[in-house]
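Visitor: See target_22.cif below, with mmCIF, C-alpha atoms and all ligand atoms.
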data_input
loop_
_atom_site.label_atom_id
_atom_site.label_comp_id
_atom_site.auth_asym_id
_atom_site.auth_seq_id
_atom_site.Cartn_x
_atom_site.Cartn_y
_atom_site.Cartn_z
CA MET A 1 94.94 41.66 -43.65
CA SER A 2 94.98 41.74 -39.87
CA GLU A 3 92.71 39.65 -37.67
CA LEU A 4 90.61 40.26 -34.58
CA ARG A 5 90.81 37.36 -32.16
CA LYS A 6 88.76 36.91 -29.04
CA ASP A 7 90.29 35.69 -25.82
CA LEU A 8 87.55 33.30 -24.84
CA VAL A 9 87.91 33.53 -21.06
CA SER A 10 88.41 37.27 -20.56
CA GLY A 11 86.23 38.37 -23.49
CA ARG A 12 89.04 40.66 -24.64
CA TRP A 13 89.67 41.13 -28.37
CA VAL A 14 93.20 41.31 -29.74
CA ILE A 15 94.30 42.70 -33.10
CA ILE A 16 96.86 40.47 -34.77
CA ALA A 17 98.32 43.06 -37.10
CA THR A 18 100.10 41.17 -39.84
CA GLU A 19 100.77 44.33 -41.88
CA ARG A 20 103.00 45.53 -39.10
CA SER A 21 104.63 42.12 -39.00
CA LYS A 22 108.10 42.14 -37.58
CA ARG A 23 110.90 39.64 -37.25
CA PRO A 24 112.24 38.84 -33.78
CA ASP A 25 115.30 40.99 -34.52
CA ASP A 26 113.14 44.08 -34.98
CA PHE A 27 112.22 44.05 -31.30
CA ARG A 28 115.81 44.41 -30.12
CA PRO A 29 116.16 47.85 -28.56
CA ALA A 30 119.41 48.48 -30.45
CA GLY A 31 117.85 48.74 -33.90
CA GLY A 32 115.31 47.70 -36.46
CA ALA A 33 111.87 48.92 -37.33
CA ALA A 34 110.78 49.12 -33.69
CA ARG A 35 113.09 52.08 -33.16
CA PRO A 36 111.65 55.50 -33.96
CA PRO A 37 113.67 57.72 -36.27
CA GLU A 38 116.19 60.01 -34.58
CA ALA A 39 115.85 63.78 -34.51
CA GLY A 40 116.75 65.26 -37.85
CA ALA A 41 115.57 62.16 -39.72
CA PHE A 42 113.11 62.49 -42.59
CA CYS A 43 109.55 63.21 -41.38
CA PRO A 44 106.59 62.35 -43.64
CA PHE A 45 104.26 64.53 -41.54
CA CYS A 46 106.20 67.78 -42.08
CA GLU A 47 104.87 70.38 -44.49
CA GLY A 48 106.29 69.76 -47.96
CA ASN A 49 106.41 65.98 -47.53
CA GLU A 50 102.69 65.38 -48.18
CA ALA A 51 103.44 62.97 -51.03
CA LYS A 52 105.05 60.58 -48.55
CA THR A 53 101.80 59.79 -46.72
CA PRO A 54 98.74 57.99 -48.11
CA PRO A 55 96.37 60.56 -49.78
CA GLU A 56 94.71 62.84 -47.23
CA VAL A 57 91.10 62.15 -46.27
CA TYR A 58 90.50 65.54 -44.71
CA SER A 59 92.31 68.82 -44.14
CA LEU A 60 91.59 72.13 -42.52
CA GLY A 61 92.93 75.54 -43.38
CA ARG A 62 93.55 75.10 -47.09
CA ASN A 63 93.04 78.34 -48.93
CA GLY A 64 92.65 77.03 -52.42
CA THR A 65 95.69 74.72 -52.25
CA ALA A 66 95.30 71.20 -53.66
CA PRO A 67 95.11 68.11 -51.43
CA ASP A 68 98.47 66.55 -50.58
CA THR A 69 100.35 69.80 -51.07
CA PRO A 70 101.48 72.38 -48.46
CA GLY A 71 99.05 75.01 -47.14
CA TRP A 72 97.07 73.12 -44.45
CA ARG A 73 96.63 73.71 -40.73
CA VAL A 74 95.39 70.22 -39.69
CA ARG A 75 95.68 67.19 -41.98
CA VAL A 76 94.18 63.70 -41.71
CA VAL A 77 95.65 60.71 -43.54
CA PRO A 78 95.10 56.95 -43.33
CA ASN A 79 97.78 55.23 -41.26
CA LYS A 80 100.43 53.85 -43.62
CA PHE A 81 100.70 50.69 -41.51
CA PRO A 82 97.10 50.30 -40.33
CA ALA A 83 96.18 48.01 -37.47
CA LEU A 84 92.80 47.55 -39.19
CA ASN A 85 91.65 48.08 -42.79
CA ARG A 86 88.43 49.51 -44.16
CA GLY A 87 86.05 47.01 -45.71
CA THR A 88 82.65 45.38 -45.65
CA PRO A 89 81.17 44.11 -42.38
CA PRO A 90 83.05 40.99 -41.38
CA PRO A 91 81.20 37.92 -40.19
CA LYS A 92 82.54 36.26 -37.05
CA HIS A 93 84.17 32.93 -37.69
CA SER A 94 84.80 30.14 -35.25
CA HIS A 95 87.05 27.11 -35.11
CA GLY A 96 86.09 24.97 -32.16
CA VAL A 97 86.04 27.33 -29.20
CA PHE A 98 88.05 30.03 -30.96
CA GLN A 99 86.34 33.12 -32.41
CA TRP A 100 87.89 35.52 -34.86
CA MET A 101 87.03 37.96 -37.60
CA GLU A 102 88.88 39.82 -40.32
CA GLY A 103 90.55 43.00 -39.16
CA ILE A 104 88.06 45.46 -40.57
CA GLY A 105 88.15 48.96 -39.18
CA VAL A 106 89.61 52.41 -39.70
CA HIS A 107 93.03 53.69 -38.70
CA GLU A 108 93.72 57.36 -39.32
CA VAL A 109 96.38 59.85 -38.28
CA ILE A 110 95.53 63.45 -37.46
CA ILE A 111 98.62 65.58 -38.11
CA GLU A 112 97.98 68.40 -35.67
CA ASN A 113 100.05 71.11 -37.32
CA PRO A 114 102.66 71.54 -40.05
CA ASP A 115 105.43 72.46 -37.57
CA HIS A 116 107.44 69.48 -36.32
CA GLU A 117 108.46 71.19 -33.10
CA LYS A 118 105.09 72.50 -31.89
CA GLU A 119 103.33 70.08 -29.56
CA LEU A 120 99.59 70.19 -28.92
CA GLY A 121 99.98 72.22 -25.72
CA ASP A 122 102.28 74.75 -27.44
CA LEU A 123 99.72 75.73 -30.06
CA PRO A 124 97.46 78.79 -29.73
CA VAL A 125 93.94 78.09 -28.42
CA PRO A 126 92.24 78.66 -31.83
CA HIS A 127 94.49 76.03 -33.42
CA ILE A 128 93.77 73.52 -30.61
CA ARG A 129 90.09 74.24 -31.18
CA ASP A 130 90.56 73.45 -34.88
CA ILE A 131 92.17 70.11 -34.00
CA LEU A 132 89.30 69.23 -31.63
CA CYS A 133 86.88 70.18 -34.37
CA VAL A 134 88.67 67.83 -36.80
CA PHE A 135 88.43 65.06 -34.17
CA GLN A 136 84.66 65.57 -34.10
CA GLN A 137 84.35 65.64 -37.88
CA ARG A 138 86.30 62.44 -38.39
CA ILE A 139 84.46 60.59 -35.62
CA ARG A 140 81.10 61.64 -37.10
CA ALA A 141 82.17 60.66 -40.62
CA ILE A 142 83.41 57.23 -39.51
CA GLU A 143 80.31 56.58 -37.40
CA GLU A 144 78.13 56.92 -40.50
CA ASP A 145 79.35 53.45 -41.28
CA LEU A 146 77.31 51.39 -38.86
CA HIS A 147 79.69 48.49 -38.58
CA TYR A 148 82.26 50.67 -36.85
CA GLN A 149 80.80 50.30 -33.39
CA TYR A 150 83.43 52.21 -31.49
CA VAL A 151 85.72 55.03 -32.56
CA GLN A 152 88.75 55.40 -30.32
CA LEU A 153 90.62 58.68 -30.47
CA PHE A 154 94.00 58.78 -28.77
CA LYS A 155 97.34 60.50 -28.72
CA ASN A 156 100.72 59.00 -27.91
CA LYS A 157 103.22 61.72 -27.17
CA GLY A 158 106.85 60.64 -26.97
CA LYS A 159 108.61 57.39 -27.70
CA GLU A 160 107.87 55.94 -24.25
CA ALA A 161 104.18 56.59 -24.86
CA GLY A 162 104.29 54.58 -28.09
CA ALA A 163 104.76 57.30 -30.71
CA SER A 164 106.82 56.03 -33.63
CA LEU A 165 107.06 59.50 -35.22
CA SER A 166 107.83 62.57 -33.14
CA HIS A 167 105.81 65.01 -35.30
CA PRO A 168 102.77 65.99 -33.17
CA HIS A 169 99.83 63.80 -34.16
CA SER A 170 96.81 61.94 -32.80
CA GLN A 171 95.19 58.79 -34.08
CA ILE A 172 91.79 57.25 -34.58
CA VAL A 173 91.12 53.52 -34.61
CA ALA A 174 87.53 52.45 -35.24
CA THR A 175 86.64 48.87 -34.38
CA PRO A 176 83.72 46.60 -35.32
CA ILE A 177 83.33 45.58 -31.66
CA VAL A 178 82.96 47.79 -28.58
CA PRO A 179 86.19 47.35 -26.59
CA LYS A 180 86.10 45.61 -23.21
CA ARG A 181 87.42 48.63 -21.31
CA VAL A 182 84.71 50.86 -22.71
CA LYS A 183 82.05 48.27 -21.91
CA GLU A 184 83.32 48.08 -18.32
CA GLU A 185 82.76 51.83 -17.95
CA ILE A 186 79.32 51.64 -19.55
CA TYR A 187 78.13 48.74 -17.39
CA GLY A 188 79.66 50.32 -14.25
CA ALA A 189 77.99 53.65 -15.03
CA ASP A 190 74.65 51.91 -15.68
CA ARG A 191 74.75 50.06 -12.38
CA LEU A 192 75.86 53.08 -10.32
CA SER A 193 73.48 55.49 -11.99
CA LYS A 194 70.63 53.24 -10.87
CA ALA A 195 71.99 53.22 -7.32
CA TYR A 196 72.55 57.02 -7.18
CA LYS A 197 69.50 57.94 -9.29
CA GLU A 198 71.68 60.19 -11.45
CA CYS A 199 74.71 59.95 -13.75
CA VAL A 200 77.54 58.75 -11.53
CA PHE A 201 80.06 60.94 -13.36
CA CYS A 202 77.91 64.03 -12.65
CA ARG A 203 77.81 62.96 -9.00
CA ILE A 204 81.60 62.52 -8.84
CA LEU A 205 82.08 65.92 -10.49
CA ARG A 206 79.82 67.60 -7.97
CA GLU A 207 81.70 66.09 -5.04
CA GLU A 208 85.12 66.81 -6.53
CA THR A 209 84.35 70.44 -7.37
CA ALA A 210 82.95 70.99 -3.88
CA ALA A 211 85.90 69.32 -2.09
CA ARG A 212 88.51 70.86 -4.45
CA GLU A 213 91.22 68.57 -3.07
CA ARG A 214 91.76 66.80 -6.37
CA LEU A 215 90.58 69.59 -8.63
CA VAL A 216 93.33 70.62 -11.04
CA TYR A 217 91.55 73.19 -13.17
CA GLU A 218 88.06 74.42 -13.94
CA ASN A 219 86.37 76.90 -16.20
CA ARG A 220 82.70 77.45 -16.89
CA VAL A 221 82.45 74.39 -19.13
CA PHE A 222 85.06 71.84 -17.98
CA SER A 223 86.60 70.40 -14.83
CA VAL A 224 89.91 68.59 -14.66
CA ILE A 225 90.45 66.28 -11.73
CA ALA A 226 93.15 63.91 -10.53
CA PRO A 227 90.92 60.83 -10.12
CA PHE A 228 90.44 59.55 -6.56
CA ALA A 229 91.85 56.13 -7.52
CA SER A 230 94.44 57.38 -10.04
CA ARG A 231 96.42 54.49 -11.47
CA PHE A 232 99.37 56.62 -12.53
CA PRO A 233 101.22 59.62 -11.05
CA PHE A 234 99.70 62.90 -12.32
CA GLU A 235 96.84 61.11 -14.09
CA MET A 236 94.04 63.54 -15.02
CA SER A 237 90.47 63.29 -16.27
CA VAL A 238 88.81 66.09 -18.21
CA PHE A 239 85.02 66.23 -17.80
CA PRO A 240 82.46 68.50 -19.43
CA LEU A 241 80.16 69.97 -16.78
CA ARG A 242 77.21 69.63 -19.15
CA HIS A 243 76.13 66.02 -19.11
CA SER A 244 76.47 64.29 -22.48
CA PRO A 245 77.49 60.79 -23.60
CA PHE A 246 79.08 62.07 -26.82
CA PHE A 247 82.11 64.27 -27.41
CA THR A 248 80.73 64.83 -30.91
CA ASP A 249 77.83 66.66 -29.27
CA LEU A 250 80.07 69.57 -28.09
CA LYS A 251 79.05 72.95 -29.47
CA ASP A 252 81.36 75.65 -30.86
CA GLY A 253 81.78 77.70 -27.68
CA GLU A 254 82.34 74.53 -25.67
CA LEU A 255 85.10 73.48 -28.08
CA VAL A 256 86.90 76.77 -27.38
CA ALA A 257 86.59 76.12 -23.63
CA LEU A 258 87.98 72.60 -24.14
CA ALA A 259 90.89 74.01 -26.17
CA GLU A 260 91.63 76.44 -23.29
CA THR A 261 91.42 73.56 -20.81
CA MET A 262 93.80 71.37 -22.83
CA LYS A 263 96.25 74.23 -23.27
CA VAL A 264 96.33 74.91 -19.52
CA ILE A 265 96.73 71.32 -18.35
CA LEU A 266 99.25 70.30 -21.03
CA THR A 267 101.31 73.39 -20.23
CA ARG A 268 101.19 72.59 -16.51
CA LEU A 269 102.20 69.00 -17.19
CA LYS A 270 105.12 70.24 -19.25
CA GLU A 271 106.23 72.77 -16.64
CA THR A 272 105.53 70.73 -13.50
CA ILE A 273 107.10 67.45 -14.54
CA SER A 274 109.48 68.50 -17.32
CA ASP A 275 107.58 67.62 -20.47
CA PRO A 276 106.79 63.93 -19.88
CA PRO A 277 105.64 61.50 -22.56
CA TYR A 278 101.92 60.93 -22.20
CA ASN A 279 98.89 59.11 -23.54
CA LEU A 280 95.62 60.90 -24.01
CA VAL A 281 92.43 58.93 -24.66
CA LEU A 282 88.86 59.90 -25.37
CA HIS A 283 86.06 57.88 -23.83
CA GLN A 284 82.62 58.42 -25.24
CA ALA A 285 79.58 56.23 -25.84
CA PRO A 286 79.83 53.84 -28.81
CA ASN A 287 78.40 54.71 -32.24
CA PRO A 288 75.15 56.57 -31.46
CA MET A 289 73.30 54.56 -34.12
CA LEU A 290 73.91 51.41 -32.05
CA SER A 291 74.40 52.63 -28.48
CA TYR A 292 70.74 53.15 -27.67
CA LYS A 293 69.75 49.72 -28.98
CA THR A 294 72.19 47.90 -26.73
CA TRP A 295 72.15 50.32 -23.78
CA PRO A 296 68.77 52.12 -23.73
CA ASP A 297 69.81 54.35 -20.78
CA ILE A 298 73.24 55.27 -22.10
CA GLY A 299 72.18 58.85 -22.85
CA ARG A 300 71.42 59.40 -19.20
CA ASN A 301 74.11 57.21 -17.64
CA TYR A 302 77.32 57.73 -19.58
CA HIS A 303 79.38 60.92 -19.55
CA TRP A 304 82.19 61.44 -22.06
CA HIS A 305 85.67 62.45 -20.89
CA PHE A 306 89.35 62.53 -21.75
CA GLU A 307 91.90 60.65 -19.67
CA ILE A 308 95.55 61.71 -19.64
CA PHE A 309 98.37 59.58 -18.26
CA PRO A 310 101.94 60.85 -18.16
CA ILE A 311 104.32 57.91 -18.63
CA LEU A 312 106.43 58.09 -15.47
CA THR A 313 106.19 54.53 -14.16
CA LYS A 314 106.28 51.14 -15.87
CA VAL A 315 103.33 48.79 -15.89
CA ALA A 316 104.96 45.65 -14.48
CA GLY A 317 104.26 42.12 -13.30
CA PHE A 318 101.95 42.92 -10.41
CA GLU A 319 99.79 45.20 -12.56
CA TRP A 320 99.64 42.65 -15.40
CA GLY A 321 98.88 39.88 -12.95
CA THR A 322 96.16 41.58 -10.97
CA GLY A 323 94.86 44.73 -12.64
CA TYR A 324 95.89 46.58 -9.45
CA TYR A 325 98.15 49.57 -10.02
CA ILE A 326 100.73 50.89 -7.61
CA ASN A 327 100.79 54.68 -7.78
CA PRO A 328 103.60 56.39 -5.84
CA VAL A 329 102.03 59.88 -6.05
CA PRO A 330 98.70 60.42 -4.23
CA PRO A 331 96.28 62.24 -6.55
CA GLU A 332 95.79 64.94 -3.87
CA THR A 333 99.53 65.70 -4.05
CA ALA A 334 99.50 65.54 -7.85
CA ALA A 335 96.54 67.95 -8.01
CA GLY A 336 98.37 70.33 -5.64
CA PHE A 337 101.38 70.49 -7.98
CA LEU A 338 99.31 70.72 -11.15
CA ARG A 339 97.09 73.48 -9.74
CA LYS A 340 100.10 75.71 -9.18
CA GLY A 341 101.34 75.11 -12.71
ZN ZN B 1 107.64 66.51 -38.93
ZN ZN B 2 76.82 63.01 -16.28
ZN ZN B 3 87.25 56.57 -19.10
#
As structure tokens, how would this structure be written, given the file I've shared?
Guide:
Amino acid sequence: MSELRKDLVSGRWVIIATERSKRPDDFRPAGGAARPPEAGAFCPFCEGNEAKTPPEVYSLGRNGTAPDTPGWRVRVVPNKFPALNRGTPPPKHSHGVFQWMEGIGVHEVIIENPDHEKELGDLPVPHIRDILCVFQQRIRAIEEDLHYQYVQLFKNKGKEAGASLSHPHSQIVATPIVPKRVKEEIYGADRLSKAYKECVFCRILREETAARERLVYENRVFSVIAPFASRFPFEMSVFPLRHSPFFTDLKDGELVALAETMKVILTRLKETISDPPYNLVLHQAPNPMLSYKTWPDIGRNYHWHFEIFPILTKVAGFEWGTGYYINPVPPETAAGFLRKG
């Protein structure tokens, strides 16, 4: 069982994941469990190997085939080495000044397609739409359990981005506490929305789409921008033009537009900077059953989005020490390259 521990001074929670416990040797780059399998190695996510994952919790595209057999288009399984485990609501414990709780939560893997070689951006738009739809379904299902306050959806593509298996997949980790980074955005948005008398994200979008300098792509439903204060080269944010705090609130036609958007920007990333590893994260308001109690104005003030960071630079001492980032590519330049595709 893993543990959630609170860093008293910063207010940050850390997952001490004992089930992924490693010996010092495992961290040596030359070998051990920290090293992802090489190309050609056995892949538990490939079609035909369904028995090698924990039993599936959801799948899409089955035409009468049984769970955990071939014949799916998108498949969701619990993570075999979960950072958090499902369970009953954990009480917080304390020892002196230290606070901790049992590592209760959800950790799932969304296997995006049966084909090992086809990355998210390589798939046809209808298949990307299906994956986005599965994201929504899983988030909604997990949020029914009220003690999962925040559901984080993310994708690590490539070894340098943290993927331990190269088969295209995304992950969901639901936590019993709203993460610090998400809270920072919520409180910042609350404060600025009061100052601007409107959602600050809507305001930013309006200015960015008018100026066009940092605009990477737009369609009738979404805008992609290289953020003004991008931390990383070629960082992008994907915003729905329709204000909403929840990704799960997206309607069918909007999901298709999001799939088109993802296809375009992932293809441009691949072509412009030779298929870099990247992280993709979803930011939306916490569990809707709780959000409004804690943040009564969250519906008006928060605006869901995806953030995408290609892994081209290393986060080093200065960044760790200060929270400042040094970005060698101005977002205006990045947007110029990414617009051309
Ligand atoms: Zn595979
Ligand atoms: Zn907004
Ligand atoms: Zn964000």
Visitor: Around (83.3, 48.1, -34.3) in the file's frame, which residues reach within 6 Å when counting all atoms listed in the file? Return as a PDB file with C-alpha atoms, in the frame of the given file?
Guide:
ATOM      1  CA  HIS A 147      79.690  48.490 -38.580  1.00  0.00           C
ATOM      2  CA  TYR A 148      82.260  50.670 -36.850  1.00  0.00           C
ATOM      3  CA  GLN A 149      80.800  50.300 -33.390  1.00  0.00           C
ATOM      4  CA  TYR A 150      83.430  52.210 -31.490  1.00  0.00           C
ATOM      5  CA  THR A 175      86.640  48.870 -34.380  1.00  0.00           C
ATOM      6  CA  PRO A 176      83.720  46.600 -35.320  1.00  0.00           C
ATOM      7  CA  ILE A 177      83.330  45.580 -31.660  1.00  0.00           C
ATOM      8  CA  VAL A 178      82.960  47.790 -28.580  1.00  0.00           C
TER       9      VAL A 178
END
Visitor: List every residue of stretch 215-265 of chain A that has an atom at most 8 Å from any atom of stretch 113-129 of chain A, and for each one report the closest atom pair and its distance in Å to one decimal, counting only C-alpha atoms, with rows sorted by chain and then by increasing residue number, as JSON lines.
Guide:
{"residue": "A:Leu255", "atom": "CA", "partner": "A:Arg129", "partner_atom": "CA", "distance": 5.9}
{"residue": "A:Val256", "atom": "CA", "partner": "A:Arg129", "partner_atom": "CA", "distance": 5.6}
{"residue": "A:Leu258", "atom": "CA", "partner": "A:Arg129", "partner_atom": "CA", "distance": 7.5}
{"residue": "A:Ala259", "atom": "CA", "partner": "A:Arg129", "partner_atom": "CA", "distance": 5.1}
{"residue": "A:Glu260", "atom": "CA", "partner": "A:Val125", "partner_atom": "CA", "distance": 5.9}
{"residue": "A:Met262", "atom": "CA", "partner": "A:Gly121", "partner_atom": "CA", "distance": 6.9}
{"residue": "A:Lys263", "atom": "CA", "partner": "A:Gly121", "partner_atom": "CA", "distance": 4.9}
{"residue": "A:Val264", "atom": "CA", "partner": "A:Gly121", "partner_atom": "CA", "distance": 7.7}
Visitor: Would you kindly return, as a ChimeraX atom specification, each protein, DNA or RNA residue with an atom no farther than 12 Å from any atom of A:Ser230, considering all atoms listed in the file and excluding same-chain residues fewer than 5 positions away?
Guide: /A:214,225,235-237,307-310,324-335
Visitor: Okay, now the selection with C-alpha atoms, as a short mmCIF file (atom, residue, chain, number, x, y, z; two decimals), in the coordinates of the input?
Guide:
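Resulting contents of out-v4.cif:
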data_model
loop_
_atom_site.label_atom_id
_atom_site.label_comp_id
_atom_site.auth_asym_id
_atom_site.auth_seq_id
_atom_site.Cartn_x
_atom_site.Cartn_y
_atom_site.Cartn_z
CA ARG A 214 91.76 66.80 -6.37
CA ILE A 225 90.45 66.28 -11.73
CA GLU A 235 96.84 61.11 -14.09
CA MET A 236 94.04 63.54 -15.02
CA SER A 237 90.47 63.29 -16.27
CA GLU A 307 91.90 60.65 -19.67
CA ILE A 308 95.55 61.71 -19.64
CA PHE A 309 98.37 59.58 -18.26
CA PRO A 310 101.94 60.85 -18.16
CA TYR A 324 95.89 46.58 -9.45
CA TYR A 325 98.15 49.57 -10.02
CA ILE A 326 100.73 50.89 -7.61
CA ASN A 327 100.79 54.68 -7.78
CA PRO A 328 103.60 56.39 -5.84
CA VAL A 329 102.03 59.88 -6.05
CA PRO A 330 98.70 60.42 -4.23
CA PRO A 331 96.28 62.24 -6.55
CA GLU A 332 95.79 64.94 -3.87
CA THR A 333 99.53 65.70 -4.05
CA ALA A 334 99.50 65.54 -7.85
CA ALA A 335 96.54 67.95 -8.01
#
Visitor: Please identify the residues whose atoms come within 8 Å of ligand ZN 1 (chain B), using all atoms listed in the file, and report them as a PDB file with C-alpha atoms, keeping the file's coordinate frame.
Guide:
ATOM      1  CA  PHE A  42     113.110  62.490 -42.590  1.00  0.00           C
ATOM      2  CA  CYS A  43     109.550  63.210 -41.380  1.00  0.00           C
ATOM      3  CA  PRO A  44     106.590  62.350 -43.640  1.00  0.00           C
ATOM      4  CA  PHE A  45     104.260  64.530 -41.540  1.00  0.00           C
ATOM      5  CA  CYS A  46     106.200  67.780 -42.080  1.00  0.00           C
ATOM      6  CA  GLU A  47     104.870  70.380 -44.490  1.00  0.00           C
ATOM      7  CA  PRO A 114     102.660  71.540 -40.050  1.00  0.00           C
ATOM      8  CA  ASP A 115     105.430  72.460 -37.570  1.00  0.00           C
ATOM      9  CA  HIS A 116     107.440  69.480 -36.320  1.00  0.00           C
ATOM     10  CA  GLU A 117     108.460  71.190 -33.100  1.00  0.00           C
ATOM     11  CA  LEU A 165     107.060  59.500 -35.220  1.00  0.00           C
ATOM     12  CA  SER A 166     107.830  62.570 -33.140  1.00  0.00           C
ATOM     13  CA  HIS A 167     105.810  65.010 -35.300  1.00  0.00           C
ATOM     14  CA  PRO A 168     102.770  65.990 -33.170  1.00  0.00           C
TER      15      PRO A 168
END
Visitor: Rounded to one decimal place, report the atom CA of A:Phe98-atom CA of A:Ile16 distance in Å.
Guide: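 These two atoms are separated by 14.2 Å.
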Visitor: For stretch 303-319 of chain A, where the input has fewer atoms than it should, I would like N, CA, C and O atoms rebuilt and written as a PDB file, keeping the file's coordinate frame.
Guide:
ATOM      1  N   HIS A 303      78.928  59.528 -19.533  1.00  0.00           N
ATOM      2  CA  HIS A 303      79.380  60.920 -19.550  1.00  0.00           C
ATOM      3  C   HIS A 303      80.775  60.924 -20.177  1.00  0.00           C
ATOM      4  O   HIS A 303      81.707  60.356 -19.605  1.00  0.00           O
ATOM      5  N   TRP A 304      80.908  61.526 -21.339  1.00  0.00           N
ATOM      6  CA  TRP A 304      82.190  61.440 -22.060  1.00  0.00           C
ATOM      7  C   TRP A 304      83.299  62.168 -21.300  1.00  0.00           C
ATOM      8  O   TRP A 304      83.034  63.077 -20.522  1.00  0.00           O
ATOM      9  N   HIS A 305      84.523  61.810 -21.549  1.00  0.00           N
ATOM     10  CA  HIS A 305      85.670  62.450 -20.890  1.00  0.00           C
ATOM     11  C   HIS A 305      86.971  62.103 -21.608  1.00  0.00           C
ATOM     12  O   HIS A 305      87.025  61.153 -22.386  1.00  0.00           O
ATOM     13  N   PHE A 306      87.989  62.882 -21.333  1.00  0.00           N
ATOM     14  CA  PHE A 306      89.350  62.530 -21.750  1.00  0.00           C
ATOM     15  C   PHE A 306      90.092  62.020 -20.520  1.00  0.00           C
ATOM     16  O   PHE A 306      89.866  62.503 -19.407  1.00  0.00           O
ATOM     17  N   GLU A 307      90.986  61.075 -20.726  1.00  0.00           N
ATOM     18  CA  GLU A 307      91.900  60.650 -19.670  1.00  0.00           C
ATOM     19  C   GLU A 307      93.317  60.912 -20.171  1.00  0.00           C
ATOM     20  O   GLU A 307      93.617  60.663 -21.337  1.00  0.00           O
ATOM     21  N   ILE A 308      94.157  61.421 -19.277  1.00  0.00           N
ATOM     22  CA  ILE A 308      95.550  61.710 -19.640  1.00  0.00           C
ATOM     23  C   ILE A 308      96.471  61.024 -18.635  1.00  0.00           C
ATOM     24  O   ILE A 308      96.299  61.181 -17.424  1.00  0.00           O
ATOM     25  N   PHE A 309      97.402  60.247 -19.147  1.00  0.00           N
ATOM     26  CA  PHE A 309      98.370  59.580 -18.260  1.00  0.00           C
ATOM     27  C   PHE A 309      99.783  59.938 -18.692  1.00  0.00           C
ATOM     28  O   PHE A 309     100.220  59.482 -19.751  1.00  0.00           O
ATOM     29  N   PRO A 310     100.511  60.692 -17.876  1.00  0.00           N
ATOM     30  CA  PRO A 310     101.940  60.850 -18.160  1.00  0.00           C
ATOM     31  C   PRO A 310     102.616  59.486 -17.950  1.00  0.00           C
ATOM     32  O   PRO A 310     102.185  58.713 -17.101  1.00  0.00           O
ATOM     33  N   ILE A 311     103.614  59.194 -18.761  1.00  0.00           N
ATOM     34  CA  ILE A 311     104.320  57.910 -18.630  1.00  0.00           C
ATOM     35  C   ILE A 311     105.529  58.135 -17.727  1.00  0.00           C
ATOM     36  O   ILE A 311     106.584  58.570 -18.177  1.00  0.00           O
ATOM     37  N   LEU A 312     105.360  57.855 -16.445  1.00  0.00           N
ATOM     38  CA  LEU A 312     106.430  58.090 -15.470  1.00  0.00           C
ATOM     39  C   LEU A 312     106.809  56.807 -14.761  1.00  0.00           C
ATOM     40  O   LEU A 312     107.860  56.716 -14.128  1.00  0.00           O
ATOM     41  N   THR A 313     105.911  55.825 -14.801  1.00  0.00           N
ATOM     42  CA  THR A 313     106.190  54.530 -14.160  1.00  0.00           C
ATOM     43  C   THR A 313     105.983  53.451 -15.221  1.00  0.00           C
ATOM     44  O   THR A 313     105.372  53.700 -16.259  1.00  0.00           O
ATOM     45  N   LYS A 314     106.482  52.248 -14.928  1.00  0.00           N
ATOM     46  CA  LYS A 314     106.280  51.140 -15.870  1.00  0.00           C
ATOM     47  C   LYS A 314     105.188  50.224 -15.353  1.00  0.00           C
ATOM     48  O   LYS A 314     105.115  49.944 -14.164  1.00  0.00           O
ATOM     49  N   VAL A 315     104.317  49.794 -16.259  1.00  0.00           N
ATOM     50  CA  VAL A 315     103.330  48.790 -15.890  1.00  0.00           C
ATOM     51  C   VAL A 315     104.088  47.459 -15.829  1.00  0.00           C
ATOM     52  O   VAL A 315     104.684  47.044 -16.817  1.00  0.00           O
ATOM     53  N   ALA A 316     104.111  46.826 -14.660  1.00  0.00           N
ATOM     54  CA  ALA A 316     104.960  45.650 -14.480  1.00  0.00           C
ATOM     55  C   ALA A 316     104.151  44.433 -14.038  1.00  0.00           C
ATOM     56  O   ALA A 316     102.921  44.419 -14.120  1.00  0.00           O
ATOM     57  N   GLY A 317     104.852  43.443 -13.568  1.00  0.00           N
ATOM     58  CA  GLY A 317     104.260  42.120 -13.300  1.00  0.00           C
ATOM     59  C   GLY A 317     103.023  42.162 -12.426  1.00  0.00           C
ATOM     60  O   GLY A 317     102.010  41.522 -12.748  1.00  0.00           O
ATOM     61  N   PHE A 318     103.083  42.887 -11.331  1.00  0.00           N
ATOM     62  CA  PHE A 318     101.950  42.920 -10.410  1.00  0.00           C
ATOM     63  C   PHE A 318     100.707  43.488 -11.109  1.00  0.00           C
ATOM     64  O   PHE A 318      99.610  42.955 -11.008  1.00  0.00           O
ATOM     65  N   GLU A 319     100.906  44.576 -11.840  1.00  0.00           N
ATOM     66  CA  GLU A 319      99.790  45.200 -12.560  1.00  0.00           C
ATOM     67  C   GLU A 319      99.221  44.238 -13.606  1.00  0.00           C
ATOM     68  O   GLU A 319      98.008  44.086 -13.712  1.00  0.00           O
TER      69      GLU A 319
END
